[in-house]
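> One structure, as structure tokens, below. Some questions next.
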Amino acid sequence: MTPICLAEYEEILENVSNDTTNVSAEWTVDYTASPFEGYPPLCVQFTVTGPDGDYSWDFGDGTSSNVMNPVHCYRQKGNYWVKLKYFYGTISGEVSKPDCVKVNDPDYYVDFSADPTNGSAPLTTRFTITGNPTNIIWHFGDGSDDSTEKNPSHQFVYPGNYSPTLTYCLAGACDKISKFNYIEVEEGKDIDFLAEREAGIAPVCTRFIVTGEADAFKWDFGDGQVSYEKSPVHCFAESGTYTISMTYTIDGAPYTLTKNRYLTYTPRQKPDFTIVPLEGVAPLCVDYKIINPSQSWEYHFGDNSTGTGAQDTHCYGKSGTYFPSLTYCSNDYCDIIESPSPVLVHQPRILLAAGKTPNEYSFSTDAPKGLKYSWDFGDGSRGEGAAVKHIYSTQGTYRVSLVVNGICGCNAVTTKEISVKPKEKLGFTATPLSGCAPHCVQFNEQSPEIPLSRLWEFGDGDTSEDKNPFHCYQFPGPYTVTLTDVFTNETEKVVKENYITAHAVPRPSFTAYPPNGYAPLTVHFSDTTIDYSEKRYWNFGDTVTSTEKNIDHRFDEPGTYNVTLTVWGAGNCRGTKSQVIEVLKKEKDLYDFSGLPRRGVAPLCTSYKVSGNIQQSELDFGDGQTTPDRNPFHCYETAGVYSPTLHACDSVSGCEDVKKPSYIVAVSPHYLNMTLYPGWNLFSVPVTLENGYNTMKILSGINTAGHSVLTWNSTHRSWERMKQDDPVTPLSAFFIYVSDKVTVPLVISSEGPENNLTRNLDGGWNLVSFADIMTVSADEAFRPVEEFWSYAIGFDALKQRYYGPVTKGVDSAISEMDPKQGYWLFMNGSVQMIGKKL
């Protein structure tokens, strides 16, 4: 089977449109997105290549825009399908790009920065982490001790280039970030100084440290104060940015070292601002108000406009995501405060509803209330008001536009394209049109307008006044359906002759003689069903099936067998009848034989013992070899399931055959272990396991990375978590996740099951496997349900994806199935699966 992606089996409707069939030969519309991947909020610049026409964006997250080259910010993680509609004169089209923008999960973002990253030795640098990792270890690259602080400060003593590394853990996984030659330390000067606190919240006291020797010192702290100490402590009372100068004297010669804007101390209460509202429909009036005003400030509204009032009102006329900020200054110290939340402005929508008369439409908008609204219906007509009605006189495609005049200085414009079609005629549909009685049908009315009244006549005497009724036909037959709708000016009727067909479900019957007896028992079965299409399926309850009408079947072993006959009639409708056949064990067999061991690894050597008053006998080992010996020793060289037969005779009773189906099971060494690969595995066991080794406990100790072992409940159509005491059987299949490759030993049962393995399968998808000791074709693997299955799908654990489906009757005869693997099996109906006695 050829591996293909799992996604190809999911029912995904992908309609990717890039229609440029009407575009002029001189130009073609396309667009780019930058950046197209990142963490939220991810602001993307969309750029159109094409003429200066009209554009309508759908950003894939429920928002839109009519700006030609918009900037849009995505706040939630996910993959977004972006669509662009364009209009240029009579030319229009659409460019659609699935998964155009990818927004990653912000919970997994980790990075670090350093300040400063270069300077003269000794260089003190503060490292800052972005994100929320744990188990932090810093390696600074200079041979010093590691640090486990989240945001440490570190001093690089010697010149050189250093590559710091951050090792961390997040969400159960560990990683590291290294930045090559990130820190650059130059040779230190003879004389230098450092401040212990270069930044802080005023008032701040800091010590100045001098490296190098001089005869005298004079400090200018930039606030009018001076000092003559070598390493003074100075207190800055006010916030601001300060330039520090140190004049030192060596041998009578003065030198001055100045560090411009060296110290930055922020006020204890920074200015801030409020924004109300943060989201709305254009034209959107937003109020800005400053808190704790400084010496000067300026608002930046995010749309290239500014304001300086203590209270400012700004109008946003176009949709988009805007990031306002406040710039303030105090004592030569300036800073920018960005709003933690953007202003989201949505384009006003044109809401459309059909009127009561043909080609009449009601127009409204979700723009703010109480404004001026100007409509252009695209056919030369105009209107005013928040809600208007318009009737189009001819069919065609019209571009409706709305201009909304804001009260705070801007307007919003939006458009919508509508298609006006001629009045449609009354009609209806139904699904499904045929089925097995009782047959239920969903009817759907297709009406050009809302009728005053309606009446459905289903053809079986029942009626309904619902718009889309659901009706069940209880008896077989063809039915004519009629729909009558009463409108203001007319009444319309639609009649569909023999539209619905309900087929009769056949009632199978058969005879079985004799219905009971001693093993081996041969029973004659005869199909006596009448009025069906002569398609039948016998299941004798011992893995044997047939499609013959009359058949003799031999039951070799004692037991209770549930024999079923399924017959199909018109419309593929089927019926099933069951009868129990009792096969008894003789109180005392004239002849018998036994062998040990019966199950094991090939080559398997078995010691046989023949019992009974036998004059002449021959033991057929089931592998093509025979012997007349009474107590033979025989080796089965190859893996297989063998059914030995004893042919014995005496002078009183004559001759009799004693056959033991599936008596010897020689297993290939390949099936003594089960290999699981990293990731998900869909597994089963090939034969019945030994008691004590036949539950989920055989998986104990395997690292599943917190995942449960799962199986599929086809009756309830839901996943089920397995418990340690749940059995592991050959006809079942399970999903397990493992972190590393692991081999699980399988202990095969020395006795095997007393009866054939059975399992009930439901219509639809079932998670199954089959009992065998070798790979076989899909036809052979699922022969017990050959009339009911359609598709089988396996899973490739090495590549972590599904194989291509095996289709019955197409490639099922050549596709190899492994009994150690599980499979999705699609069933066309419910049936009991009877597996081999393994």
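Naming works like this for the structure tokens: A, B, ... for the chains as they're shown, residue 1 at the start of each chain, ligands 1 onward in shown order.
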Just the strand (DSSP E or B) stuff from region 509-744 of chain A, please, per backbone DSSP, written as a ChimeraX atom specification.
/A:510-513,516-518,521-527,535-539,545-546,550-555,559-568,574-584,592-596,599-601,604-611,616-620,626-627,633-636,640-642,645-650,654-659,664-667,673-676,679-683,689,695,710-713,718-721,727,732,734-738,742-744
> Can you tell me which residues surround region 665-677 of chain A at a distance of at most 8 Å, considering only C-alpha atoms, apart from same-chain residues fewer than 2 positions away, and format the answer as a tab-separated table (two decimals) with all heavy atoms, in the first residue's frame?

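Output (around09.tsv):
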chain	number	residue	atom	x	y	z
A	598	ARG	N	0.63	-28.23	21.03
A	598	ARG	CA	-0.22	-27.88	19.88
A	598	ARG	C	0.08	-26.49	19.35
A	598	ARG	O	-0.32	-26.17	18.23
A	598	ARG	CB	-1.68	-27.97	20.29
A	598	ARG	CG	-2.15	-29.38	20.57
A	598	ARG	CD	-3.50	-29.38	21.25
A	598	ARG	NE	-4.42	-28.47	20.59
A	598	ARG	CZ	-5.55	-28.02	21.14
A	598	ARG	NH1	-5.86	-28.39	22.38
A	598	ARG	NH2	-6.34	-27.20	20.48
A	599	ARG	N	0.69	-25.64	20.14
A	599	ARG	CA	0.96	-24.26	19.71
A	599	ARG	C	2.39	-23.90	20.11
A	599	ARG	O	2.86	-24.25	21.19
A	599	ARG	CB	-0.01	-23.27	20.37
A	599	ARG	CG	-1.46	-23.51	20.00
A	599	ARG	CD	-2.39	-22.83	20.99
A	599	ARG	NE	-2.34	-21.38	20.89
A	599	ARG	CZ	-3.13	-20.65	20.12
A	599	ARG	NH1	-4.02	-21.24	19.34
A	599	ARG	NH2	-3.03	-19.33	20.09
A	600	GLY	N	3.11	-23.23	19.22
A	600	GLY	CA	4.47	-22.84	19.51
A	600	GLY	C	5.13	-22.24	18.30
A	600	GLY	O	4.49	-21.93	17.28
A	601	VAL	N	6.46	-22.08	18.40
A	601	VAL	CA	7.21	-21.42	17.35
A	601	VAL	C	7.68	-22.46	16.34
A	601	VAL	O	8.18	-23.54	16.70
A	601	VAL	CB	8.42	-20.67	17.95
A	601	VAL	CG1	9.20	-19.97	16.85
A	601	VAL	CG2	7.94	-19.68	18.99
A	602	ALA	N	7.51	-22.15	15.04
A	602	ALA	CA	8.00	-23.03	13.99
A	602	ALA	C	9.53	-22.97	13.93
A	602	ALA	O	10.10	-21.88	14.09
A	602	ALA	CB	7.39	-22.63	12.66
A	603	PRO	N	10.20	-24.15	13.73
A	603	PRO	CA	9.59	-25.47	13.55
A	603	PRO	C	9.03	-26.02	14.88
A	603	PRO	O	9.70	-25.95	15.92
A	603	PRO	CB	10.74	-26.33	13.03
A	603	PRO	CG	11.97	-25.65	13.56
A	603	PRO	CD	11.66	-24.19	13.56
A	604	LEU	N	7.79	-26.57	14.82
A	604	LEU	CA	7.09	-27.06	16.01
A	604	LEU	C	7.00	-28.58	15.92
A	604	LEU	O	6.42	-29.12	14.97
A	604	LEU	CB	5.70	-26.44	16.11
A	604	LEU	CG	4.80	-26.94	17.23
A	604	LEU	CD1	5.40	-26.57	18.58
A	604	LEU	CD2	3.40	-26.35	17.10
A	636	TYR	N	6.52	-29.80	12.36
A	636	TYR	CA	6.00	-28.85	11.37
A	636	TYR	C	7.09	-27.81	11.12
A	636	TYR	O	7.42	-26.99	11.99
A	636	TYR	CB	4.72	-28.19	11.89
A	636	TYR	CG	3.57	-29.15	12.05
A	636	TYR	CD1	3.39	-29.85	13.25
A	636	TYR	CD2	2.68	-29.39	11.00
A	636	TYR	CE1	2.36	-30.76	13.40
A	636	TYR	CE2	1.63	-30.30	11.15
A	636	TYR	CZ	1.47	-30.97	12.34
A	636	TYR	OH	0.43	-31.86	12.49
A	638	THR	N	7.38	-25.31	8.84
A	638	THR	CA	7.04	-23.93	8.48
A	638	THR	C	5.84	-23.47	9.29
A	638	THR	O	5.02	-24.27	9.75
A	638	THR	CB	6.72	-23.81	6.98
A	638	THR	OG1	5.62	-24.66	6.67
A	638	THR	CG2	7.94	-24.19	6.15
A	639	ALA	N	5.76	-22.14	9.45
A	639	ALA	CA	4.63	-21.55	10.17
A	639	ALA	C	3.33	-21.83	9.42
A	639	ALA	O	3.28	-21.80	8.20
A	639	ALA	CB	4.84	-20.06	10.34
A	640	GLY	N	2.29	-22.11	10.18
A	640	GLY	CA	1.00	-22.37	9.56
A	640	GLY	C	0.00	-22.85	10.57
A	640	GLY	O	0.31	-23.13	11.74
A	641	VAL	N	-1.28	-22.96	10.12
A	641	VAL	CA	-2.37	-23.50	10.93
A	641	VAL	C	-2.75	-24.84	10.30
A	641	VAL	O	-3.12	-24.88	9.11
A	641	VAL	CB	-3.57	-22.55	10.97
A	641	VAL	CG1	-4.70	-23.15	11.81
A	641	VAL	CG2	-3.15	-21.20	11.53
A	642	TYR	N	-2.65	-25.91	11.06
A	642	TYR	CA	-2.79	-27.26	10.52
A	642	TYR	C	-3.99	-27.97	11.16
A	642	TYR	O	-4.23	-27.84	12.37
A	642	TYR	CB	-1.52	-28.07	10.75
A	642	TYR	CG	-0.30	-27.43	10.12
A	642	TYR	CD1	0.55	-26.64	10.88
A	642	TYR	CD2	-0.03	-27.59	8.77
A	642	TYR	CE1	1.67	-26.04	10.32
A	642	TYR	CE2	1.08	-27.00	8.19
A	642	TYR	CZ	1.93	-26.22	8.97
A	642	TYR	OH	3.02	-25.62	8.40
A	662	SER	N	-7.79	-26.53	12.80
A	662	SER	CA	-6.91	-25.54	13.45
A	662	SER	C	-6.32	-26.09	14.75
A	662	SER	O	-6.16	-25.37	15.74
A	662	SER	CB	-7.68	-24.23	13.72
A	662	SER	OG	-8.23	-23.71	12.54
A	663	TYR	N	-5.98	-27.41	14.74
A	663	TYR	CA	-5.51	-28.08	15.96
A	663	TYR	C	-4.06	-27.70	16.28
A	663	TYR	O	-3.68	-27.56	17.43
A	663	TYR	CB	-5.65	-29.58	15.77
A	663	TYR	CG	-5.41	-30.40	17.02
A	663	TYR	CD1	-6.27	-30.29	18.11
A	663	TYR	CD2	-4.35	-31.29	17.11
A	663	TYR	CE1	-6.08	-31.04	19.26
A	663	TYR	CE2	-4.15	-32.05	18.25
A	663	TYR	CZ	-5.00	-31.92	19.33
A	663	TYR	OH	-4.81	-32.66	20.47
A	679	GLY	N	5.97	7.82	18.19
A	679	GLY	CA	4.75	8.42	17.66
A	679	GLY	C	3.58	7.48	17.88
A	679	GLY	O	3.58	6.62	18.76
A	680	TRP	N	2.58	7.60	17.03
A	680	TRP	CA	1.37	6.79	17.16
A	680	TRP	C	1.54	5.46	16.43
A	680	TRP	O	2.13	5.39	15.36
A	680	TRP	CB	0.15	7.54	16.62
A	680	TRP	CG	-0.32	8.62	17.52
A	680	TRP	CD1	-0.15	9.96	17.37
A	680	TRP	CD2	-1.05	8.45	18.75
A	680	TRP	NE1	-0.70	10.65	18.42
A	680	TRP	CE2	-1.27	9.74	19.28
A	680	TRP	CE3	-1.52	7.36	19.44
A	680	TRP	CZ2	-1.95	9.96	20.47
A	680	TRP	CZ3	-2.21	7.57	20.64
A	680	TRP	CH2	-2.41	8.86	21.14
A	681	ASN	N	1.03	4.38	17.03
A	681	ASN	CA	1.03	3.05	16.44
A	681	ASN	C	-0.38	2.49	16.51
A	681	ASN	O	-1.07	2.63	17.52
A	681	ASN	CB	1.98	2.12	17.20
A	681	ASN	CG	3.43	2.54	17.10
A	681	ASN	OD1	4.21	1.96	16.37
A	681	ASN	ND2	3.80	3.58	17.85
A	686	PRO	N	-1.60	-11.19	16.85
A	686	PRO	CA	-2.02	-12.10	15.77
A	686	PRO	C	-2.84	-13.28	16.26
A	686	PRO	O	-3.71	-13.77	15.53
A	686	PRO	CB	-0.69	-12.54	15.16
A	686	PRO	CG	0.31	-12.39	16.26
A	686	PRO	CD	-0.15	-11.22	17.07
A	738	VAL	N	4.13	6.15	21.71
A	738	VAL	CA	5.36	5.86	22.45
A	738	VAL	C	6.40	6.92	22.12
A	738	VAL	O	6.44	7.45	21.01
A	738	VAL	CB	5.90	4.45	22.13
A	738	VAL	CG1	4.91	3.39	22.55
A	738	VAL	CG2	6.24	4.30	20.65
A	740	ASP	N	9.82	6.43	22.43
A	740	ASP	CA	10.99	5.81	21.81
A	740	ASP	C	10.59	4.45	21.26
A	740	ASP	O	9.59	3.85	21.66
A	740	ASP	CB	12.12	5.64	22.84
A	740	ASP	CG	12.51	6.96	23.48
A	740	ASP	OD1	13.00	7.84	22.76
A	740	ASP	OD2	12.30	7.10	24.70
A	741	LYS	N	11.41	3.96	20.33
A	741	LYS	CA	11.17	2.63	19.78
A	741	LYS	C	11.25	1.59	20.88
A	741	LYS	O	12.16	1.61	21.71
A	741	LYS	CB	12.19	2.33	18.68
A	741	LYS	CG	11.99	0.99	18.00
A	741	LYS	CD	13.02	0.77	16.91
A	741	LYS	CE	12.86	-0.61	16.26
A	741	LYS	NZ	13.86	-0.85	15.19
A	742	VAL	N	10.29	0.68	20.91
A	742	VAL	CA	10.22	-0.31	21.98
A	742	VAL	C	9.71	-1.63	21.39
A	742	VAL	O	8.91	-1.65	20.46
A	742	VAL	CB	9.31	0.16	23.13
A	742	VAL	CG1	7.90	0.35	22.67
A	742	VAL	CG2	9.35	-0.81	24.30
A	743	THR	N	10.20	-2.76	21.93
A	743	THR	CA	9.76	-4.08	21.52
A	743	THR	C	9.02	-4.74	22.67
A	743	THR	O	9.53	-4.83	23.79
A	743	THR	CB	10.95	-4.95	21.10
A	743	THR	OG1	11.61	-4.32	19.98
A	743	THR	CG2	10.48	-6.33	20.68
A	744	VAL	N	7.79	-5.21	22.40
A	744	VAL	CA	6.95	-5.84	23.43
A	744	VAL	C	6.90	-7.34	23.14
A	744	VAL	O	6.45	-7.76	22.07
A	744	VAL	CB	5.53	-5.25	23.40
A	744	VAL	CG1	4.66	-5.92	24.47
A	744	VAL	CG2	5.58	-3.74	23.63
A	745	PRO	N	7.36	-8.21	24.07
A	745	PRO	CA	7.27	-9.68	23.85
A	745	PRO	C	5.82	-10.14	23.97
A	745	PRO	O	5.06	-9.65	24.80
A	745	PRO	CB	8.16	-10.24	24.96
A	745	PRO	CG	8.15	-9.19	26.03
A	745	PRO	CD	8.04	-7.87	25.33
A	746	LEU	N	5.44	-11.11	23.12
A	746	LEU	CA	4.10	-11.69	23.14
A	746	LEU	C	4.20	-13.14	23.59
A	746	LEU	O	5.00	-13.92	23.03
A	746	LEU	CB	3.46	-11.61	21.75
A	746	LEU	CG	3.31	-10.21	21.16
A	746	LEU	CD1	2.70	-10.28	19.76
A	746	LEU	CD2	2.48	-9.31	22.05
A	747	VAL	N	3.41	-13.52	24.59
A	747	VAL	CA	3.38	-14.89	25.10
A	747	VAL	C	2.13	-15.56	24.56
A	747	VAL	O	1.00	-15.25	24.96
A	747	VAL	CB	3.38	-14.91	26.65
A	747	VAL	CG1	3.39	-16.37	27.15
A	747	VAL	CG2	4.60	-14.15	27.18
A	748	ILE	N	2.32	-16.48	23.62
A	748	ILE	CA	1.20	-17.11	22.92
A	748	ILE	C	0.58	-18.19	23.80
A	748	ILE	O	1.29	-18.96	24.47
A	748	ILE	CB	1.68	-17.71	21.58
A	748	ILE	CG1	2.21	-16.58	20.69
A	748	ILE	CG2	0.59	-18.47	20.89
A	748	ILE	CD1	2.86	-17.07	19.43
A	773	ILE	N	-1.34	-16.16	11.41
A	773	ILE	CA	0.08	-16.25	11.80
A	773	ILE	C	0.98	-15.85	10.64
A	773	ILE	O	2.16	-16.16	10.64
A	773	ILE	CB	0.41	-17.68	12.30
A	773	ILE	CG1	-0.13	-18.77	11.36
A	773	ILE	CG2	-0.19	-17.89	13.67
A	773	ILE	CD1	0.69	-19.08	10.20
A	774	MET	N	0.42	-15.13	9.66
A	774	MET	CA	1.20	-14.65	8.53
A	774	MET	C	0.42	-13.52	7.85
A	774	MET	O	-0.78	-13.34	8.10
A	774	MET	CB	1.47	-15.77	7.53
A	774	MET	CG	0.21	-16.35	6.88
A	774	MET	SD	0.56	-17.76	5.82
A	774	MET	CE	1.02	-18.96	7.05
A	797	ALA	N	3.33	3.50	10.97
A	797	ALA	CA	3.88	4.11	12.19
A	797	ALA	C	5.23	4.76	11.93
A	797	ALA	O	5.59	5.72	12.62
A	797	ALA	CB	4.01	3.04	13.28
A	798	LEU	N	6.01	4.26	10.96
A	798	LEU	CA	7.31	4.85	10.68
A	798	LEU	C	7.18	6.25	10.11
A	798	LEU	O	7.94	7.16	10.46
A	798	LEU	CB	8.08	3.96	9.70
A	798	LEU	CG	8.71	2.70	10.31
A	798	LEU	CD1	9.29	1.82	9.22
A	798	LEU	CD2	9.79	3.07	11.32
A	820	LYS	N	-0.57	-8.25	13.02
A	820	LYS	CA	-0.09	-7.46	14.17
A	820	LYS	C	-0.46	-5.99	14.04
A	820	LYS	O	-0.14	-5.20	14.92
A	820	LYS	CB	1.43	-7.59	14.29
A	820	LYS	CG	1.90	-8.94	14.77
A	820	LYS	CD	3.31	-8.90	15.35
A	820	LYS	CE	4.34	-8.46	14.35
A	820	LYS	NZ	5.70	-8.50	14.92
A	838	LEU	N	-7.83	-19.21	16.69
A	838	LEU	CA	-6.42	-19.00	16.99
A	838	LEU	C	-6.26	-18.24	18.30
A	838	LEU	O	-5.18	-17.83	18.63
A	838	LEU	CB	-5.73	-18.24	15.84
A	838	LEU	CG	-5.75	-18.94	14.48
A	838	LEU	CD1	-5.02	-18.09	13.46
A	838	LEU	CD2	-5.11	-20.31	14.59
> Determine, counting only C-alpha atoms, which protein, DNA and RNA residues have an atom within 12 Å of an atom of Gly309 (chain A); residues of the same chain fewer than 2 positions away are not included. Present the result as a PyMOL selection string.
chain A and resi 273+287-291+293+296-300+306-307+311-314+326
> Got a sec: who's within 6 Å of Thr627 (chain A), counting only C-alpha atoms, leaving out chain neighbours fewer than 2 positions off, as a compact mmCIF listing (two decimals) with all heavy atoms, in the first residue's frame?

# COMPACT_ATOMS: atom_id res chain seq x y z
N GLU A 618 -4.57 -44.38 9.83
CA GLU A 618 -3.60 -43.50 9.15
C GLU A 618 -3.84 -42.08 9.66
O GLU A 618 -4.97 -41.60 9.69
CB GLU A 618 -3.77 -43.54 7.64
CG GLU A 618 -2.75 -42.66 6.91
CD GLU A 618 -2.93 -42.68 5.40
OE1 GLU A 618 -3.99 -42.19 4.94
OE2 GLU A 618 -2.04 -43.18 4.70
N LEU A 619 -2.77 -41.44 10.10
CA LEU A 619 -2.86 -40.08 10.63
C LEU A 619 -2.29 -39.10 9.60
O LEU A 619 -1.13 -39.21 9.21
CB LEU A 619 -2.10 -39.95 11.95
CG LEU A 619 -2.16 -38.59 12.65
CD1 LEU A 619 -3.60 -38.22 12.99
CD2 LEU A 619 -1.31 -38.59 13.92
N ASP A 629 1.66 -45.01 11.96
CA ASP A 629 2.08 -45.24 13.34
C ASP A 629 0.98 -44.80 14.31
O ASP A 629 0.27 -43.81 14.07
CB ASP A 629 3.37 -44.51 13.63
CG ASP A 629 4.53 -45.03 12.79
OD1 ASP A 629 4.40 -46.15 12.26
OD2 ASP A 629 5.53 -44.29 12.66
> Would you list the contacts of Thr484 (chain A) as a list of chain:residue names, taking every protein, DNA or RNA residue within 6 Å and counting only C-alpha atoms, but skipping same-chain residues closer than 4 positions in sequence?
A:Arg454, A:Leu455, A:Glu492, A:Lys493
> Could you write out that same residue set with N, CA, C and O atoms as a PDB file, in the first residue's frame?

ATOM      1  N   ARG A 454     -48.855  26.770   2.269  1.00  0.00           N
ATOM      2  CA  ARG A 454     -48.313  25.687   1.436  1.00  0.00           C
ATOM      3  C   ARG A 454     -48.933  24.373   1.890  1.00  0.00           C
ATOM      4  O   ARG A 454     -49.393  24.240   3.038  1.00  0.00           O
ATOM      5  N   LEU A 455     -48.911  23.374   0.981  1.00  0.00           N
ATOM      6  CA  LEU A 455     -49.449  22.051   1.311  1.00  0.00           C
ATOM      7  C   LEU A 455     -48.623  20.994   0.570  1.00  0.00           C
ATOM      8  O   LEU A 455     -48.516  21.021  -0.652  1.00  0.00           O
ATOM      9  N   GLU A 492     -49.256  28.189  -7.210  1.00  0.00           N
ATOM     10  CA  GLU A 492     -48.395  27.319  -8.017  1.00  0.00           C
ATOM     11  C   GLU A 492     -48.408  25.919  -7.439  1.00  0.00           C
ATOM     12  O   GLU A 492     -48.448  25.727  -6.226  1.00  0.00           O
ATOM     13  N   LYS A 493     -48.364  24.929  -8.367  1.00  0.00           N
ATOM     14  CA  LYS A 493     -48.358  23.524  -7.959  1.00  0.00           C
ATOM     15  C   LYS A 493     -47.282  22.783  -8.728  1.00  0.00           C
ATOM     16  O   LYS A 493     -47.116  22.966  -9.928  1.00  0.00           O
TER      17      LYS A 493
END
> Please identify every residue of region 152-251 of chain A that has at least one atom no farther than 8 Å from an atom of region 110-121 of chain A, counting only C-alpha atoms, and for each give the shortest atom pair and the distance in Å to one decimal, arranged by chain then increasing number, as CSV.

residue,atom,partner,partner_atom,distance
A:Phe156,CA,A:Ala121,CA,6.8
A:Val157,CA,A:Ala121,CA,5.7
A:Tyr158,CA,A:Ala121,CA,5.7
A:Pro159,CA,A:Ala121,CA,5.8
A:Leu166,CA,A:Phe112,CA,8.0
A:Ile177,CA,A:Asp111,CA,7.4
A:Tyr182,CA,A:Thr117,CA,6.6
A:Ile183,CA,A:Thr117,CA,4.8
A:Glu184,CA,A:Asn118,CA,4.5
A:Val185,CA,A:Gly119,CA,5.2
A:Glu186,CA,A:Ser120,CA,4.5
A:Glu187,CA,A:Ser120,CA,5.6
A:Gly188,CA,A:Ala121,CA,4.7
A:Lys189,CA,A:Ser120,CA,7.5
> Would you pick out the contacts of Gly385 (chain A) at 7 Å or less, using only C-alpha atoms, so that residues sharing its chain but fewer than 3 positions from it are not included, and give the list as a short mmCIF file (atom, residue, chain, number, x, y, z; two decimals) with N, CA and C atoms, in the first residue's frame?

data_model
loop_
_atom_site.label_atom_id
_atom_site.label_comp_id
_atom_site.auth_asym_id
_atom_site.auth_seq_id
_atom_site.Cartn_x
_atom_site.Cartn_y
_atom_site.Cartn_z
N LYS A 372 -25.52 60.36 9.45
CA LYS A 372 -26.10 60.56 8.14
C LYS A 372 -25.64 59.43 7.23
N TYR A 373 -26.62 58.81 6.51
CA TYR A 373 -26.33 57.65 5.68
C TYR A 373 -26.79 57.95 4.25
N SER A 374 -25.87 57.83 3.30
CA SER A 374 -26.16 58.12 1.90
C SER A 374 -25.91 56.86 1.07
N VAL A 388 -33.26 51.46 4.29
CA VAL A 388 -34.00 51.89 3.09
C VAL A 388 -34.42 50.66 2.30
#
> Lys660 (chain A): which residues within 12 Å, counting only C-alpha atoms, same-chain residues fewer than 3 positions away excluded, as a list in words?
Ala519, Pro520, Phe555, Asp556, Glu557, Pro558, Asp592, Phe593, Ser594, Gly595, Arg598, Leu619, Asp620, Phe621, Gly622, Val641, Tyr642, Ser643, Pro644, Thr645, Leu646, His647, Asp657, Tyr663, Ile664, Val665 and Lys837 of chain A
> Which residue out of A:Phe59, A:Tyr108, A:Trp375, A:Phe770 has the minimum interatomic distance to Gln45 (chain A) when only C-alpha atoms are used?
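Residue with the minimum atom-to-atom distance to Gln45 (chain A): A:Phe59.
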> Of the residues A:Ser447, A:Asn766, A:Ser790, A:Ser341, which is the one nearest to His716 (chain A), using only C-alpha atoms?
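Ranked by minimum distance to His716 (chain A), first place goes to A:Asn766.
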> Considering only C-alpha atoms, give me a table of residues in region 265-376 of chain A that are at most 10 Å from region 226-249 of chain A, with the closest atom pair and distance in Å for each, as a tab-separated table.

residue	atom	partner	partner_atom	distance
A:Tyr265	CA	A:Ser239	CA	4.9
A:Thr266	CA	A:Ser239	CA	5.0
A:Pro267	CA	A:Ser239	CA	5.0
A:Arg268	CA	A:Ser239	CA	8.2
A:Cys329	CA	A:Gly240	CA	8.7
A:Ser330	CA	A:Gly240	CA	6.2
A:Asn331	CA	A:Gly240	CA	5.0
A:Asp332	CA	A:Thr241	CA	6.0
A:Tyr333	CA	A:Gly240	CA	4.6
A:Cys334	CA	A:Gly240	CA	8.1
> Expressed in Å to a single decimal, how great is the separation between CA of Asn572 (chain A) and CA of Ser533 (chain A)?
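Interatomic distance here is 8.9 Å.
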